[in-house]
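*Asks:* Before we start, here is the structure in question, set down as structure tokens.
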Amino acid sequence: MKKTCILLALILSSGIYTTSLAENDPSNKDRTETTNTNKGEQTFIKYADECLNIISEAAKKESITGATMIAFIPGDATSSWISKMKVVGRLADDKSNFLAIIYAKAAEMAVTLRDSGNEERKSITGELGWQGGAILKVNGGYLVGAFSGGTGQQDYDVSKLGLEWLAEKYK
């Protein structure tokens, strides 16, 4: 009986010790971040179409057409993203390629982690400083949204509306 109790105590204490080591293992931080990233991407995929529809409806109420996109950037710095876009009436006209413009806005936000067209920062090569893109910090990363087809303010307003709705899904 004593041998069984001692053996049981050793097994339990080794399990506790192993758990303690795992909790203090720095490599587990990466696993936790990966889990948050995966949850963030899964949330994005689940709600992306609905978010794009909210932006599209807001644009229609403003009587603007063009293109919109949203993206999820995992983590605290941009090294990848997952995105989706939608045409809202027209992809381009004789003067503007709306798809190119929304991704230019998004690319600027990916670097700065700030709304596009921020006058406090001088644009760098490849950036055009267009307003109309919004970015929000959420659990596990950032949400990026951009619209092109209206004024900079209209583009921003409809993008922000959609992102605020989507950000609620990350709480």
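Scheme for the structure tokens: letters A, B, ... for chains in order shown; per-chain residue numbers from 1; ligand numbers from 1 in order shown.
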I'd like the contact shell of Gly129 (chain A) - 7 Å cut-off, only C-alpha atoms, skipping same-chain residues fewer than 3 positions apart - returned as a compact mmCIF listing (two decimals) with all heavy atoms, in the first residue's frame.
*Replies:*
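The file below, selection.txt, is the result:
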```txt
# COMPACT_ATOMS: atom_id res chain seq x y z
N SER A 116 -5.68 55.49 -43.39
CA SER A 116 -4.98 55.98 -44.58
C SER A 116 -5.15 57.49 -44.74
O SER A 116 -6.11 58.08 -44.25
CB SER A 116 -5.49 55.26 -45.84
OG SER A 116 -6.80 55.68 -46.16
N GLY A 117 -4.21 58.09 -45.44
CA GLY A 117 -4.28 59.52 -45.71
C GLY A 117 -3.97 60.39 -44.52
O GLY A 117 -4.36 61.55 -44.48
N SER A 123 3.95 60.58 -47.09
CA SER A 123 3.86 59.34 -47.85
C SER A 123 5.24 58.95 -48.36
O SER A 123 6.08 59.80 -48.64
CB SER A 123 2.92 59.51 -49.05
OG SER A 123 1.60 59.74 -48.61
```
*Asks:* Which residues are close to Gly66 (chain A), i.e. within 10 Å by only C-alpha atoms, leaving aside same-chain residues fewer than 2 positions away? Reply as a PDB file with all heavy atoms, in the first residue's frame.
*Replies:*
```
ATOM      1  N   SER A  56     -21.323  47.845 -48.303  1.00  0.00           N
ATOM      2  CA  SER A  56     -22.016  48.071 -49.584  1.00  0.00           C
ATOM      3  C   SER A  56     -23.337  48.804 -49.389  1.00  0.00           C
ATOM      4  O   SER A  56     -23.647  49.749 -50.137  1.00  0.00           O
ATOM      5  CB  SER A  56     -22.295  46.732 -50.281  1.00  0.00           C
ATOM      6  OG  SER A  56     -21.096  46.085 -50.598  1.00  0.00           O
ATOM      7  N   ALA A  59     -22.697  52.386 -48.535  1.00  0.00           N
ATOM      8  CA  ALA A  59     -22.293  53.133 -49.728  1.00  0.00           C
ATOM      9  C   ALA A  59     -23.511  53.470 -50.589  1.00  0.00           C
ATOM     10  O   ALA A  59     -23.635  54.595 -51.090  1.00  0.00           O
ATOM     11  CB  ALA A  59     -21.286  52.317 -50.538  1.00  0.00           C
ATOM     12  N   ILE A  64     -22.964  56.238 -53.458  1.00  0.00           N
ATOM     13  CA  ILE A  64     -21.618  56.090 -54.047  1.00  0.00           C
ATOM     14  C   ILE A  64     -21.433  54.648 -54.502  1.00  0.00           C
ATOM     15  O   ILE A  64     -21.996  53.716 -53.935  1.00  0.00           O
ATOM     16  CB  ILE A  64     -20.488  56.501 -53.069  1.00  0.00           C
ATOM     17  CG1 ILE A  64     -20.566  55.748 -51.745  1.00  0.00           C
ATOM     18  CG2 ILE A  64     -20.522  58.011 -52.837  1.00  0.00           C
ATOM     19  CD1 ILE A  64     -19.417  56.039 -50.775  1.00  0.00           C
ATOM     20  N   THR A  68     -14.753  47.891 -52.435  1.00  0.00           N
ATOM     21  CA  THR A  68     -14.400  47.875 -51.024  1.00  0.00           C
ATOM     22  C   THR A  68     -13.599  46.626 -50.704  1.00  0.00           C
ATOM     23  O   THR A  68     -13.683  45.619 -51.417  1.00  0.00           O
ATOM     24  CB  THR A  68     -15.660  47.965 -50.130  1.00  0.00           C
ATOM     25  OG1 THR A  68     -15.261  48.146 -48.779  1.00  0.00           O
ATOM     26  CG2 THR A  68     -16.555  46.758 -50.274  1.00  0.00           C
ATOM     27  N   LYS A  86     -15.035  43.417 -52.566  1.00  0.00           N
ATOM     28  CA  LYS A  86     -16.329  43.344 -53.252  1.00  0.00           C
ATOM     29  C   LYS A  86     -16.488  44.581 -54.121  1.00  0.00           C
ATOM     30  O   LYS A  86     -16.161  45.689 -53.703  1.00  0.00           O
ATOM     31  CB  LYS A  86     -17.453  43.288 -52.213  1.00  0.00           C
ATOM     32  CG  LYS A  86     -18.837  43.167 -52.819  1.00  0.00           C
ATOM     33  CD  LYS A  86     -19.899  43.030 -51.749  1.00  0.00           C
ATOM     34  CE  LYS A  86     -21.263  42.887 -52.405  1.00  0.00           C
ATOM     35  NZ  LYS A  86     -22.315  42.675 -51.415  1.00  0.00           N
ATOM     36  N   VAL A  87     -17.011  44.374 -55.303  1.00  0.00           N
ATOM     37  CA  VAL A  87     -17.354  45.486 -56.179  1.00  0.00           C
ATOM     38  C   VAL A  87     -18.733  45.988 -55.766  1.00  0.00           C
ATOM     39  O   VAL A  87     -19.656  45.199 -55.568  1.00  0.00           O
ATOM     40  CB  VAL A  87     -17.352  45.049 -57.663  1.00  0.00           C
ATOM     41  CG1 VAL A  87     -17.831  46.172 -58.569  1.00  0.00           C
ATOM     42  CG2 VAL A  87     -15.969  44.573 -58.073  1.00  0.00           C
ATOM     43  N   VAL A  88     -18.839  47.296 -55.626  1.00  0.00           N
ATOM     44  CA  VAL A  88     -20.104  47.931 -55.242  1.00  0.00           C
ATOM     45  C   VAL A  88     -20.514  48.832 -56.408  1.00  0.00           C
ATOM     46  O   VAL A  88     -20.302  50.034 -56.401  1.00  0.00           O
ATOM     47  CB  VAL A  88     -19.954  48.745 -53.937  1.00  0.00           C
ATOM     48  CG1 VAL A  88     -21.292  49.345 -53.520  1.00  0.00           C
ATOM     49  CG2 VAL A  88     -19.375  47.889 -52.819  1.00  0.00           C
ATOM     50  N   GLY A  89     -21.010  48.220 -57.455  1.00  0.00           N
ATOM     51  CA  GLY A  89     -21.490  48.977 -58.605  1.00  0.00           C
ATOM     52  C   GLY A  89     -20.504  49.082 -59.760  1.00  0.00           C
ATOM     53  O   GLY A  89     -20.892  48.990 -60.909  1.00  0.00           O
ATOM     54  N   ARG A  90     -19.233  49.292 -59.447  1.00  0.00           N
ATOM     55  CA  ARG A  90     -18.250  49.430 -60.536  1.00  0.00           C
ATOM     56  C   ARG A  90     -16.848  49.195 -59.980  1.00  0.00           C
ATOM     57  O   ARG A  90     -16.514  49.621 -58.886  1.00  0.00           O
ATOM     58  CB  ARG A  90     -18.343  50.794 -61.199  1.00  0.00           C
ATOM     59  CG  ARG A  90     -18.111  51.947 -60.237  1.00  0.00           C
ATOM     60  CD  ARG A  90     -18.434  53.296 -60.847  1.00  0.00           C
ATOM     61  NE  ARG A  90     -18.256  54.313 -59.794  1.00  0.00           N
ATOM     62  CZ  ARG A  90     -17.930  55.552 -60.013  1.00  0.00           C
ATOM     63  NH1 ARG A  90     -17.763  55.974 -61.248  1.00  0.00           N
ATOM     64  NH2 ARG A  90     -17.801  56.401 -59.023  1.00  0.00           N
ATOM     65  N   LEU A  91     -16.044  48.525 -60.770  1.00  0.00           N
ATOM     66  CA  LEU A  91     -14.662  48.236 -60.391  1.00  0.00           C
ATOM     67  C   LEU A  91     -13.739  49.382 -60.782  1.00  0.00           C
ATOM     68  O   LEU A  91     -12.743  49.658 -60.110  1.00  0.00           O
ATOM     69  CB  LEU A  91     -14.208  46.941 -61.075  1.00  0.00           C
ATOM     70  CG  LEU A  91     -12.856  46.374 -60.709  1.00  0.00           C
ATOM     71  CD1 LEU A  91     -12.773  46.062 -59.225  1.00  0.00           C
ATOM     72  CD2 LEU A  91     -12.588  45.121 -61.516  1.00  0.00           C
ATOM     73  N   ALA A  92     -14.106  50.058 -61.855  1.00  0.00           N
ATOM     74  CA  ALA A  92     -13.312  51.173 -62.370  1.00  0.00           C
ATOM     75  C   ALA A  92     -14.206  52.038 -63.240  1.00  0.00           C
ATOM     76  O   ALA A  92     -15.315  51.655 -63.591  1.00  0.00           O
ATOM     77  CB  ALA A  92     -12.131  50.643 -63.195  1.00  0.00           C
ATOM     78  N   ASP A  93     -13.716  53.225 -63.561  1.00  0.00           N
ATOM     79  CA  ASP A  93     -14.367  54.060 -64.573  1.00  0.00           C
ATOM     80  C   ASP A  93     -13.273  54.546 -65.521  1.00  0.00           C
ATOM     81  O   ASP A  93     -12.152  54.026 -65.491  1.00  0.00           O
ATOM     82  CB  ASP A  93     -15.189  55.192 -63.943  1.00  0.00           C
ATOM     83  CG  ASP A  93     -14.361  56.187 -63.148  1.00  0.00           C
ATOM     84  OD1 ASP A  93     -13.126  56.261 -63.327  1.00  0.00           O
ATOM     85  OD2 ASP A  93     -14.953  56.922 -62.338  1.00  0.00           O
ATOM     86  N   SER A  96     -10.454  56.125 -62.991  1.00  0.00           N
ATOM     87  CA  SER A  96      -9.939  55.516 -61.763  1.00  0.00           C
ATOM     88  C   SER A  96     -10.150  54.012 -61.716  1.00  0.00           C
ATOM     89  O   SER A  96     -11.220  53.514 -62.075  1.00  0.00           O
ATOM     90  CB  SER A  96     -10.636  56.122 -60.541  1.00  0.00           C
ATOM     91  OG  SER A  96     -10.413  57.502 -60.463  1.00  0.00           O
ATOM     92  N   ASN A  97      -9.142  53.314 -61.218  1.00  0.00           N
ATOM     93  CA  ASN A  97      -9.221  51.894 -60.928  1.00  0.00           C
ATOM     94  C   ASN A  97      -9.463  51.789 -59.416  1.00  0.00           C
ATOM     95  O   ASN A  97      -8.544  51.948 -58.621  1.00  0.00           O
ATOM     96  CB  ASN A  97      -7.922  51.195 -61.324  1.00  0.00           C
ATOM     97  CG  ASN A  97      -7.922  49.715 -60.997  1.00  0.00           C
ATOM     98  OD1 ASN A  97      -8.610  49.259 -60.085  1.00  0.00           O
ATOM     99  ND2 ASN A  97      -7.119  48.963 -61.735  1.00  0.00           N
ATOM    100  N   PHE A  98     -10.707  51.567 -59.020  1.00  0.00           N
ATOM    101  CA  PHE A  98     -11.071  51.586 -57.601  1.00  0.00           C
ATOM    102  C   PHE A  98     -10.419  50.446 -56.819  1.00  0.00           C
ATOM    103  O   PHE A  98     -10.085  50.613 -55.644  1.00  0.00           O
ATOM    104  CB  PHE A  98     -12.588  51.588 -57.439  1.00  0.00           C
ATOM    105  CG  PHE A  98     -13.233  52.772 -58.103  1.00  0.00           C
ATOM    106  CD1 PHE A  98     -14.129  52.605 -59.146  1.00  0.00           C
ATOM    107  CD2 PHE A  98     -12.927  54.066 -57.710  1.00  0.00           C
ATOM    108  CE1 PHE A  98     -14.717  53.699 -59.771  1.00  0.00           C
ATOM    109  CE2 PHE A  98     -13.505  55.172 -58.323  1.00  0.00           C
ATOM    110  CZ  PHE A  98     -14.396  54.984 -59.359  1.00  0.00           C
ATOM    111  N   LEU A  99     -10.237  49.321 -57.471  1.00  0.00           N
ATOM    112  CA  LEU A  99      -9.565  48.208 -56.806  1.00  0.00           C
ATOM    113  C   LEU A  99      -8.124  48.578 -56.448  1.00  0.00           C
ATOM    114  O   LEU A  99      -7.664  48.324 -55.333  1.00  0.00           O
ATOM    115  CB  LEU A  99      -9.595  46.955 -57.690  1.00  0.00           C
ATOM    116  CG  LEU A  99      -8.965  45.701 -57.101  1.00  0.00           C
ATOM    117  CD1 LEU A  99      -9.704  45.265 -55.847  1.00  0.00           C
ATOM    118  CD2 LEU A  99      -8.943  44.587 -58.138  1.00  0.00           C
ATOM    119  N   ILE A 102      -8.180  51.021 -53.407  1.00  0.00           N
ATOM    120  CA  ILE A 102      -8.438  50.464 -52.076  1.00  0.00           C
ATOM    121  C   ILE A 102      -7.236  49.696 -51.554  1.00  0.00           C
ATOM    122  O   ILE A 102      -6.923  49.759 -50.363  1.00  0.00           O
ATOM    123  CB  ILE A 102      -9.721  49.603 -52.002  1.00  0.00           C
ATOM    124  CG1 ILE A 102      -9.688  48.426 -52.962  1.00  0.00           C
ATOM    125  CG2 ILE A 102     -10.956  50.440 -52.176  1.00  0.00           C
ATOM    126  CD1 ILE A 102     -10.858  47.446 -52.841  1.00  0.00           C
ATOM    127  N   PHE A 147     -12.668  51.756 -48.860  1.00  0.00           N
ATOM    128  CA  PHE A 147     -13.643  51.913 -49.933  1.00  0.00           C
ATOM    129  C   PHE A 147     -13.080  52.958 -50.869  1.00  0.00           C
ATOM    130  O   PHE A 147     -12.366  53.866 -50.446  1.00  0.00           O
ATOM    131  CB  PHE A 147     -15.006  52.382 -49.388  1.00  0.00           C
ATOM    132  CG  PHE A 147     -16.088  52.377 -50.428  1.00  0.00           C
ATOM    133  CD1 PHE A 147     -16.887  51.269 -50.588  1.00  0.00           C
ATOM    134  CD2 PHE A 147     -16.291  53.466 -51.261  1.00  0.00           C
ATOM    135  CE1 PHE A 147     -17.887  51.239 -51.554  1.00  0.00           C
ATOM    136  CE2 PHE A 147     -17.272  53.457 -52.238  1.00  0.00           C
ATOM    137  CZ  PHE A 147     -18.077  52.336 -52.386  1.00  0.00           C
ATOM    138  N   SER A 148     -13.385  52.838 -52.151  1.00  0.00           N
ATOM    139  CA  SER A 148     -13.009  53.866 -53.116  1.00  0.00           C
ATOM    140  C   SER A 148     -14.152  54.043 -54.097  1.00  0.00           C
ATOM    141  O   SER A 148     -14.705  53.072 -54.608  1.00  0.00           O
ATOM    142  CB  SER A 148     -11.738  53.490 -53.878  1.00  0.00           C
ATOM    143  OG  SER A 148     -11.393  54.523 -54.767  1.00  0.00           O
ATOM    144  N   GLY A 149     -14.501  55.309 -54.333  1.00  0.00           N
ATOM    145  CA  GLY A 149     -15.581  55.631 -55.261  1.00  0.00           C
ATOM    146  C   GLY A 149     -16.295  56.908 -54.877  1.00  0.00           C
ATOM    147  O   GLY A 149     -16.948  57.535 -55.695  1.00  0.00           O
ATOM    148  N   GLY A 150     -16.164  57.310 -53.629  1.00  0.00           N
ATOM    149  CA  GLY A 150     -16.773  58.551 -53.155  1.00  0.00           C
ATOM    150  C   GLY A 150     -15.692  59.551 -52.796  1.00  0.00           C
ATOM    151  O   GLY A 150     -14.553  59.441 -53.252  1.00  0.00           O
ATOM    152  N   ASP A 155     -15.710  57.574 -48.234  1.00  0.00           N
ATOM    153  CA  ASP A 155     -15.019  56.284 -48.255  1.00  0.00           C
ATOM    154  C   ASP A 155     -14.663  55.848 -46.842  1.00  0.00           C
ATOM    155  O   ASP A 155     -14.859  54.696 -46.461  1.00  0.00           O
ATOM    156  CB  ASP A 155     -13.741  56.365 -49.097  1.00  0.00           C
ATOM    157  CG  ASP A 155     -14.001  56.540 -50.587  1.00  0.00           C
ATOM    158  OD1 ASP A 155     -15.166  56.463 -51.018  1.00  0.00           O
ATOM    159  OD2 ASP A 155     -13.017  56.760 -51.321  1.00  0.00           O
TER     160      ASP A 155
END
```
*Asks:* Please determine, counting only C-alpha atoms, which residue among A:Lys160, A:Thr78, A:Glu108, A:Gln153 has the shortest atom-to-atom distance to Thr125 (chain A).
*Replies:*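 Among the listed residues, the smallest separation from Thr125 (chain A) belongs to A:Glu108.
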*Asks:* With only C-alpha atoms as the atoms that count, which of A:Ile135, A:Leu143, A:Ile55, A:Ala100 lies nearest to Trp81 (chain A)?
*Replies:*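 Nearest to Trp81 (chain A): A:Leu143.
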*Asks:* Quick one: DSSP strand (DSSP E or B) residues in region 67-134 of chain A, as JSON, numbers by chain?
*Replies:* {"A": [67, 68, 69, 70, 71, 72, 73, 74, 82, 83, 84, 85, 86, 87, 88, 89, 92, 97, 133, 134]}
*Asks:* Have a look at A:Ile73, A:Arg114, A:Ala146, A:Ile101 and name the one nearest to Gly126 (chain A); count only C-alpha atoms.
*Replies:* A:Ile101
*Asks:* Go through region 12-171 of chain A and collect every residue that DSSP, computed from the backbone, puts in helix (DSSP H, G or I); the answer should be as number ranges by chain.
*Replies:* A: 12-24, 27-61, 98-112, 152-170
*Asks:* For the atom pair CA of Leu166 (chain A) and CA of Ile124 (chain A), what is the interatomic distance in Å to one decimal place?
*Replies:*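 The value is 29.5 Å.
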*Asks:* Using only C-alpha atoms, find the one residue out of A:Tyr170, A:Trp165, A:Phe44, A:Tyr156 that sits nearest to Ala134 (chain A).
*Replies:* A:Tyr156
*Asks:* List the neighbours of Ile82 (chain A) out to 9 Å using only C-alpha atoms; skip same-chain residues closer than 6 positions along the sequence, and give me the result as a list in words.
*Replies:* Glu41, Phe44, Ile45, Ile70, Ala71, Phe72, Ile73 and Pro74 of chain A
*Asks:* Please determine, counting only C-alpha atoms, which residue among A:Thr112, A:Asn38, A:Ser80, A:Gln131 has the shortest atom-to-atom distance to Ser159 (chain A).
*Replies:*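 Under the stated criterion, the closest residue is A:Gln131.
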*Asks:* Name the closest residue to Glu168 (chain A) among the candidates A:Met109, A:Thr43, A:Asp49, A:Gln154; distances are taken between atoms, counting only C-alpha atoms.
*Replies:* A:Thr43
*Asks:* Between CA of Trp130 (chain A) and CA of Val111 (chain A), measure the distance and give it in Å to one decimal.
*Replies:* 14.2 Å
